[in-house]
$ cat start19.csv   # CSV, C-alpha atoms
chain,number,residue,atom,x,y,z
A,1,MET,CA,64.7,171.8,-30.1
A,2,ASP,CA,62.3,169.4,-28.5
A,3,ASP,CA,63.0,165.7,-28.9
A,4,PRO,CA,60.4,164.2,-31.3
A,5,LYS,CA,60.1,161.1,-29.0
A,6,GLU,CA,59.4,163.3,-25.9
A,7,THR,CA,56.8,165.2,-27.8
A,8,GLN,CA,55.1,162.0,-28.9
A,9,ASP,CA,55.1,160.6,-25.4
A,10,THR,CA,53.6,163.8,-24.1
A,11,GLU,CA,50.8,163.7,-26.6
A,12,THR,CA,50.1,160.0,-25.9
A,13,SER,CA,50.0,160.7,-22.2
A,14,GLU,CA,47.5,163.6,-22.7
A,15,THR,CA,45.4,161.4,-24.9
A,16,THR,CA,45.4,158.6,-22.4
A,17,GLU,CA,44.5,160.9,-19.5
A,18,GLY,CA,41.7,162.5,-21.6
A,19,THR,CA,40.3,159.0,-22.3
A,20,SER,CA,40.4,157.9,-18.7
A,21,ASP,CA,38.6,161.0,-17.5
A,22,LYS,CA,35.6,160.3,-19.8
A,23,ASP,CA,32.5,159.4,-18.0
A,24,PRO,CA,31.1,155.9,-18.5
A,25,GLU,CA,28.2,155.7,-20.8
A,26,THR,CA,24.8,155.6,-19.0
A,27,PHE,CA,21.3,154.8,-20.3
A,28,THR,CA,18.1,156.4,-19.4
A,29,LYS,CA,14.7,154.7,-19.1
A,30,GLU,CA,13.9,156.3,-22.5
A,31,ASP,CA,17.0,154.7,-24.0
A,32,VAL,CA,16.0,151.3,-22.6
A,33,ARG,CA,12.4,151.7,-23.9
A,34,LYS,CA,13.6,152.7,-27.3
A,35,ALA,CA,16.0,149.8,-27.5
A,36,ARG,CA,13.2,147.4,-26.6
A,37,SER,CA,11.0,149.0,-29.2
A,38,ASP,CA,13.7,148.8,-31.9
A,39,ALA,CA,14.3,145.1,-31.0
A,40,LEU,CA,10.6,144.2,-31.3
A,41,ALA,CA,10.4,146.1,-34.6
A,42,GLU,CA,13.4,144.1,-35.9
A,43,VAL,CA,11.8,140.9,-34.8
A,44,GLY,CA,8.6,141.9,-36.6
A,45,ARG,CA,10.6,142.7,-39.8
A,46,HIS,CA,12.3,139.3,-39.7
A,47,LYS,CA,9.0,137.5,-39.1
A,48,LYS,CA,7.4,139.4,-42.0
A,49,ALA,CA,10.4,138.5,-44.2
A,50,ALA,CA,10.1,134.8,-43.2
A,51,GLU,CA,6.4,134.8,-44.0
A,52,ASP,CA,6.9,136.4,-47.4
A,53,ALA,CA,9.7,133.9,-48.1
A,54,ILE,CA,7.4,130.9,-47.3
A,55,LYS,CA,4.6,132.4,-49.5
A,56,ALA,CA,7.1,132.8,-52.3
A,57,LEU,CA,8.4,129.3,-51.9
A,58,LYS,CA,4.9,127.8,-52.0
A,59,ALA,CA,4.1,129.8,-55.1
A,60,THR,CA,7.3,128.6,-56.7
A,61,ASN,CA,6.5,124.9,-55.9
A,62,THR,CA,3.1,125.3,-57.4
A,63,ARG,CA,4.6,126.6,-60.6
A,64,ILE,CA,7.1,123.8,-60.7
A,65,ASP,CA,4.4,121.2,-60.1
A,66,GLN,CA,2.4,122.6,-63.0
A,67,MET,CA,5.4,122.6,-65.3
A,68,VAL,CA,6.1,119.0,-64.4
A,69,LYS,CA,2.5,118.0,-65.1
A,70,ASP,CA,2.5,119.9,-68.4
A,71,GLN,CA,5.7,118.1,-69.4
A,72,GLU,CA,4.3,114.7,-68.4
A,73,ASP,CA,1.1,115.4,-70.4
A,74,ALA,CA,3.1,116.3,-73.4
A,75,GLU,CA,5.2,113.1,-73.1
A,76,LEU,CA,2.1,111.0,-72.9
A,77,GLU,CA,0.5,112.8,-75.9
A,78,ASP,CA,3.6,112.3,-78.0
A,79,ALA,CA,3.7,108.5,-77.2
A,80,LYS,CA,0.0,107.8,-77.4
A,81,ASP,CA,0.4,105.8,-80.6
A,82,ASP,CA,3.4,103.8,-79.4
A,83,THR,CA,2.2,101.3,-76.7
A,84,GLU,CA,5.6,100.2,-75.6
A,85,LYS,CA,7.0,103.8,-75.4
A,86,LEU,CA,3.8,105.0,-73.6
A,87,SER,CA,4.1,102.2,-71.1
A,88,ALA,CA,7.8,103.1,-70.3
A,89,ILE,CA,6.9,106.8,-69.9
A,90,LYS,CA,4.1,106.0,-67.5
A,91,GLU,CA,6.4,103.8,-65.5
A,92,ARG,CA,9.0,106.5,-65.4
A,93,GLN,CA,6.5,109.2,-64.4
A,94,GLY,CA,5.0,107.0,-61.7
A,95,LYS,CA,8.4,106.3,-60.2
A,96,ARG,CA,9.2,110.0,-60.2
A,97,ARG,CA,6.0,110.9,-58.5
A,98,ALA,CA,6.6,108.1,-55.9
A,99,GLU,CA,10.1,109.5,-55.2
A,100,ALA,CA,8.7,113.0,-54.9
A,101,GLU,CA,6.0,111.9,-52.5
A,102,LEU,CA,8.6,110.0,-50.4
A,103,ALA,CA,10.8,113.1,-50.2
A,104,LYS,CA,7.7,115.1,-49.1
A,105,VAL,CA,6.9,112.6,-46.4
A,106,LYS,CA,10.5,112.6,-45.1
A,107,GLN,CA,10.5,116.4,-44.9
A,108,GLU,CA,7.2,116.5,-43.1
A,109,SER,CA,8.4,113.9,-40.7
A,110,ALA,CA,11.6,115.9,-40.0
A,111,GLU,CA,9.5,119.1,-39.4
A,112,LYS,CA,7.3,117.2,-37.0
A,113,ASP,CA,10.3,115.8,-35.1
A,114,GLU,CA,11.7,119.3,-34.8
A,115,LYS,CA,8.4,120.6,-33.4
A,116,ILE,CA,8.3,117.8,-30.9
A,117,LYS,CA,11.8,118.6,-29.9
A,118,LEU,CA,11.0,122.2,-29.3
A,119,LEU,CA,7.9,121.3,-27.2
A,120,ASP,CA,10.1,118.9,-25.2
A,121,GLU,CA,12.6,121.6,-24.6
A,122,LYS,CA,9.9,124.0,-23.4
A,123,GLU,CA,8.6,121.4,-21.1
A,124,VAL,CA,12.0,120.8,-19.7
A,125,GLU,CA,12.6,124.5,-19.1
A,126,SER,CA,9.1,124.8,-17.4
A,127,THR,CA,10.0,121.8,-15.1
A,128,LYS,CA,13.3,123.4,-14.2
A,129,GLU,CA,11.7,126.7,-13.2
A,130,ARG,CA,8.9,124.9,-11.3
A,131,ASN,CA,11.5,122.8,-9.4
A,132,ALA,CA,13.7,125.8,-8.7
A,133,ARG,CA,10.8,127.8,-7.2
A,134,GLU,CA,9.7,124.9,-5.0
A,135,ILE,CA,13.3,124.4,-3.8
A,136,ALA,CA,13.9,128.1,-3.3
A,137,SER,CA,10.8,128.3,-1.1
A,138,ARG,CA,11.9,125.3,0.9
A,139,LEU,CA,15.5,126.3,1.4
A,140,GLY,CA,14.8,130.0,1.8
A,141,VAL,CA,16.8,131.4,-1.1
A,142,ASP,CA,16.0,133.8,-4.0
A,143,ALA,CA,13.6,132.0,-6.4
A,144,LYS,CA,14.4,134.2,-9.4
A,145,ARG,CA,18.2,133.7,-9.1
A,146,LEU,CA,17.9,130.0,-8.5
A,147,ALA,CA,15.6,129.6,-11.6
A,148,ASN,CA,18.1,131.4,-13.8
A,149,LEU,CA,20.9,129.1,-12.6
A,150,ALA,CA,18.7,126.0,-12.9
A,151,LYS,CA,18.7,126.6,-16.7
A,152,TYR,CA,22.2,125.2,-16.8
A,153,THR,CA,21.4,122.0,-15.0
A,154,ASP,CA,19.6,118.8,-16.1
A,155,GLY,CA,16.6,120.0,-14.2
A,156,SER,CA,16.7,117.3,-11.5
A,157,THR,CA,15.9,118.2,-7.9
A,158,GLU,CA,19.3,117.0,-6.7
A,159,ALA,CA,21.2,119.3,-9.2
A,160,ILE,CA,19.1,122.4,-8.3
A,161,GLU,CA,19.4,121.7,-4.6
A,162,GLU,CA,23.2,121.6,-4.9
A,163,ILE,CA,23.1,125.1,-6.5
A,164,ALA,CA,20.7,126.4,-3.9
A,165,LYS,CA,23.0,125.3,-1.0
A,166,ASP,CA,25.6,127.8,-2.3
A,167,LEU,CA,23.2,130.7,-2.5
A,168,PRO,CA,22.7,133.2,0.4
A,169,LYS,CA,19.6,132.7,2.5
A,170,LYS,CA,16.9,135.3,2.1
A,171,GLU,CA,16.6,137.6,5.0
A,172,VAL,CA,13.7,136.8,7.2
A,173,LYS,CA,11.9,139.9,8.6
A,174,THR,CA,11.1,139.6,12.3
A,175,PRO,CA,8.9,141.9,14.4
A,176,LEU,CA,10.6,144.4,16.6
A,177,LYS,CA,11.4,142.9,20.0
A,178,VAL,CA,12.4,145.4,22.7
A,179,ASP,CA,14.4,144.0,25.7
A,180,SER,CA,12.2,141.9,27.9
A,181,SER,CA,12.7,144.4,30.8
A,182,LYS,CA,11.0,147.1,28.7
A,183,THR,CA,7.3,147.5,28.4
A,184,VAL,CA,5.0,149.2,25.9
A,185,GLY,CA,3.4,152.4,27.2
A,186,ALA,CA,-0.3,153.0,27.5
A,187,GLY,CA,-2.3,152.9,24.3
A,188,GLY,CA,0.1,150.5,22.6
A,189,ARG,CA,2.8,153.2,22.2
A,190,LEU,CA,6.5,152.9,23.1
A,191,ARG,CA,7.4,155.3,25.8
A,192,TYR,CA,10.4,157.6,25.4
A,193,LYS,CA,12.0,155.9,28.3
A,194,ASP,CA,11.8,152.6,26.4
A,195,VAL,CA,13.6,154.1,23.5
A,196,GLU,CA,16.2,155.7,25.7
A,197,GLU,CA,16.9,152.4,27.5
A,198,TYR,CA,16.9,150.3,24.2
A,199,SER,CA,20.0,148.1,24.2
A,200,THR,CA,22.2,147.7,21.1
A,201,GLU,CA,24.3,145.1,22.7
A,202,GLY,CA,24.7,142.0,20.6
A,203,LYS,CA,22.8,143.5,17.7
A,204,THR,CA,24.2,144.2,14.2
A,205,THR,CA,24.1,147.7,12.7
A,206,GLN,CA,21.5,146.6,10.2
A,207,GLN,CA,19.3,145.2,13.0
A,208,ILE,CA,19.6,148.4,15.1
A,209,MET,CA,18.5,150.4,12.0
A,210,LYS,CA,15.5,148.2,11.5
A,211,ASP,CA,14.6,148.5,15.2
A,212,ALA,CA,14.8,152.2,15.0
A,213,GLU,CA,12.5,152.3,12.0
A,214,GLU,CA,10.0,150.1,13.7
A,215,MET,CA,10.0,152.2,16.8
A,216,ALA,CA,9.5,155.3,14.7
A,217,LYS,CA,6.4,153.6,13.1
A,218,GLN,CA,5.0,152.8,16.5
A,219,PHE,CA,5.4,156.4,17.7
A,220,THR,CA,3.7,157.6,14.5
A,221,LYS,CA,0.8,155.2,14.9
A,222,GLY,CA,0.4,156.2,18.6
A,223,GLY,CA,0.2,159.9,17.7
$ encode --input "start19.csv" --output "structure tokens"
Amino acid sequence: MDDPKETQDTETSETTEGTSDKDPETFTKEDVRKARSDALAEVGRHKKAAEDAIKALKATNTRIDQMVKDQEDAELEDAKDDTEKLSAIKERQGKRRAEAELAKVKQESAEKDEKIKLLDEKEVESTKERNAREIASRLGVDAKRLANLAKYTDGSTEAIEEIAKDLPKKEVKTPLKVDSSKTVGAGGRLRYKDVEEYSTEGKTTQQIMKDAEEMAKQFTKGG
């Protein structure tokens, strides 16, 4: 009879191996396009819901304002024959309207401050990106990568330059230079002899591959 523990260990091992052999999930261009489309649709739904909520809120406020006005009119009508009471009601209503107006002004001021803050933040981000691209061009590093990293700085030139110093330099493409002892054949074409005598000494594998590509282009152009 098999040991229950051994049977369980075997099943666990098989399950683990089956899981490890599973191919990682990949996404096609269609998957990415659909994901973007779904995300935009979701944003659109949220925007529509927000607009509907604002409209509903405005309609509610209008109804409340009308209810308050109707109540005030009723209070004044009831006290029209009592001068003292009528005066007290008018004072109370005036105070209530003043407080409501003050609250409205405060809310509008807060909303305005928030808009200014958002505009300032956008300006800061724009300045960061502009500085990053200028510095990337000057120091010879990838502008897009530096701009992304610059988002996490205060946007100053000094801070972005410090990041740029740690980035790899962009590779500068140089025209093919055959050894000085070699010449270009008639008609601007490289001669087969030039290629055969091409020296790889002191050159990296990458540079040799580039030289080979350039020589192939010259042969093609020369016919």
$ atom_distance --input "start19.csv" --atom1 "atom CA of A:Asn61" --atom2 "atom CA of A:Lys104"
12.0 Å
$ atom_distance --input "start19.csv" --atom1 "atom CA of A:Leu167" --atom2 "atom CA of A:Asn131"
15.7 Å
$ atom_distance --input "start19.csv" --atom1 "atom CA of A:Asn148" --atom2 "atom CA of A:Lys115"
24.4 Å
$ decode --input "start19.csv" --residues "stretch 97-134 of chain A" --atoms "N, CA and C atoms" --output "compact mmCIF listing (two decimals), in the first residue's frame"
# COMPACT_ATOMS: atom_id res chain seq x y z
N ARG A 97 -29.08 84.29 3.71
CA ARG A 97 -28.64 84.49 2.33
C ARG A 97 -27.18 84.92 2.25
N ALA A 98 -26.79 85.77 3.20
CA ALA A 98 -25.39 86.23 3.22
C ALA A 98 -24.44 85.07 3.49
N GLU A 99 -24.82 84.18 4.41
CA GLU A 99 -23.98 83.02 4.73
C GLU A 99 -23.90 82.07 3.54
N ALA A 100 -25.04 81.90 2.85
CA ALA A 100 -25.05 81.03 1.68
C ALA A 100 -24.17 81.60 0.56
N GLU A 101 -24.25 82.92 0.39
CA GLU A 101 -23.43 83.57 -0.63
C GLU A 101 -21.95 83.46 -0.30
N LEU A 102 -21.62 83.60 0.99
CA LEU A 102 -20.22 83.48 1.42
C LEU A 102 -19.70 82.07 1.17
N ALA A 103 -20.53 81.07 1.47
CA ALA A 103 -20.13 79.68 1.23
C ALA A 103 -19.90 79.43 -0.26
N LYS A 104 -20.74 80.04 -1.10
CA LYS A 104 -20.60 79.89 -2.55
C LYS A 104 -19.30 80.52 -3.04
N VAL A 105 -19.00 81.70 -2.51
CA VAL A 105 -17.76 82.39 -2.89
C VAL A 105 -16.55 81.56 -2.49
N LYS A 106 -16.59 80.99 -1.29
CA LYS A 106 -15.47 80.17 -0.81
C LYS A 106 -15.28 78.94 -1.70
N GLN A 107 -16.39 78.32 -2.10
CA GLN A 107 -16.31 77.15 -2.96
C GLN A 107 -15.72 77.51 -4.32
N GLU A 108 -16.18 78.60 -4.89
CA GLU A 108 -15.67 79.04 -6.19
C GLU A 108 -14.19 79.38 -6.10
N SER A 109 -13.79 79.97 -4.97
CA SER A 109 -12.39 80.32 -4.77
C SER A 109 -11.53 79.06 -4.69
N ALA A 110 -12.05 78.05 -3.98
CA ALA A 110 -11.32 76.79 -3.85
C ALA A 110 -11.17 76.10 -5.20
N GLU A 111 -12.24 76.13 -6.00
CA GLU A 111 -12.20 75.53 -7.33
C GLU A 111 -11.22 76.26 -8.24
N LYS A 112 -11.19 77.59 -8.11
CA LYS A 112 -10.26 78.39 -8.91
C LYS A 112 -8.82 78.06 -8.53
N ASP A 113 -8.57 77.95 -7.21
CA ASP A 113 -7.22 77.62 -6.74
C ASP A 113 -6.79 76.25 -7.27
N GLU A 114 -7.74 75.31 -7.31
CA GLU A 114 -7.43 73.97 -7.79
C GLU A 114 -7.07 74.00 -9.27
N LYS A 115 -7.80 74.80 -10.06
CA LYS A 115 -7.51 74.92 -11.48
C LYS A 115 -6.13 75.54 -11.71
N ILE A 116 -5.82 76.56 -10.91
CA ILE A 116 -4.50 77.22 -11.02
C ILE A 116 -3.40 76.22 -10.67
N LYS A 117 -3.65 75.41 -9.66
CA LYS A 117 -2.67 74.40 -9.24
C LYS A 117 -2.41 73.41 -10.36
N LEU A 118 -3.48 72.95 -11.02
CA LEU A 118 -3.35 72.01 -12.12
C LEU A 118 -2.58 72.63 -13.29
N LEU A 119 -2.87 73.89 -13.58
CA LEU A 119 -2.16 74.59 -14.65
C LEU A 119 -0.68 74.74 -14.32
N ASP A 120 -0.39 75.04 -13.05
CA ASP A 120 1.00 75.16 -12.62
C ASP A 120 1.73 73.83 -12.76
N GLU A 121 1.04 72.74 -12.39
CA GLU A 121 1.66 71.43 -12.47
C GLU A 121 1.95 71.06 -13.93
N LYS A 122 1.02 71.41 -14.83
CA LYS A 122 1.24 71.13 -16.25
C LYS A 122 2.42 71.95 -16.79
N GLU A 123 2.53 73.19 -16.33
CA GLU A 123 3.64 74.04 -16.75
C GLU A 123 4.97 73.49 -16.26
N VAL A 124 4.96 72.99 -15.02
CA VAL A 124 6.18 72.40 -14.45
C VAL A 124 6.60 71.18 -15.26
N GLU A 125 5.62 70.31 -15.58
CA GLU A 125 5.92 69.11 -16.36
C GLU A 125 6.44 69.47 -17.75
N SER A 126 5.84 70.51 -18.35
CA SER A 126 6.28 70.94 -19.66
C SER A 126 7.72 71.47 -19.61
N THR A 127 8.03 72.20 -18.55
CA THR A 127 9.39 72.74 -18.37
C THR A 127 10.39 71.61 -18.17
N LYS A 128 10.01 70.60 -17.40
CA LYS A 128 10.88 69.45 -17.16
C LYS A 128 11.23 68.75 -18.48
N GLU A 129 10.19 68.53 -19.30
CA GLU A 129 10.41 67.85 -20.57
C GLU A 129 11.27 68.70 -21.50
N ARG A 130 11.01 70.00 -21.53
CA ARG A 130 11.78 70.89 -22.40
C ARG A 130 13.26 70.91 -21.97
N ASN A 131 13.50 71.00 -20.67
CA ASN A 131 14.88 71.00 -20.16
C ASN A 131 15.56 69.67 -20.44
N ALA A 132 14.80 68.57 -20.27
CA ALA A 132 15.37 67.24 -20.48
C ALA A 132 15.82 67.06 -21.92
N ARG A 133 15.00 67.51 -22.87
CA ARG A 133 15.35 67.35 -24.28
C ARG A 133 16.56 68.20 -24.67
N GLU A 134 16.64 69.39 -24.09
CA GLU A 134 17.79 70.26 -24.38
C GLU A 134 19.07 69.64 -23.82
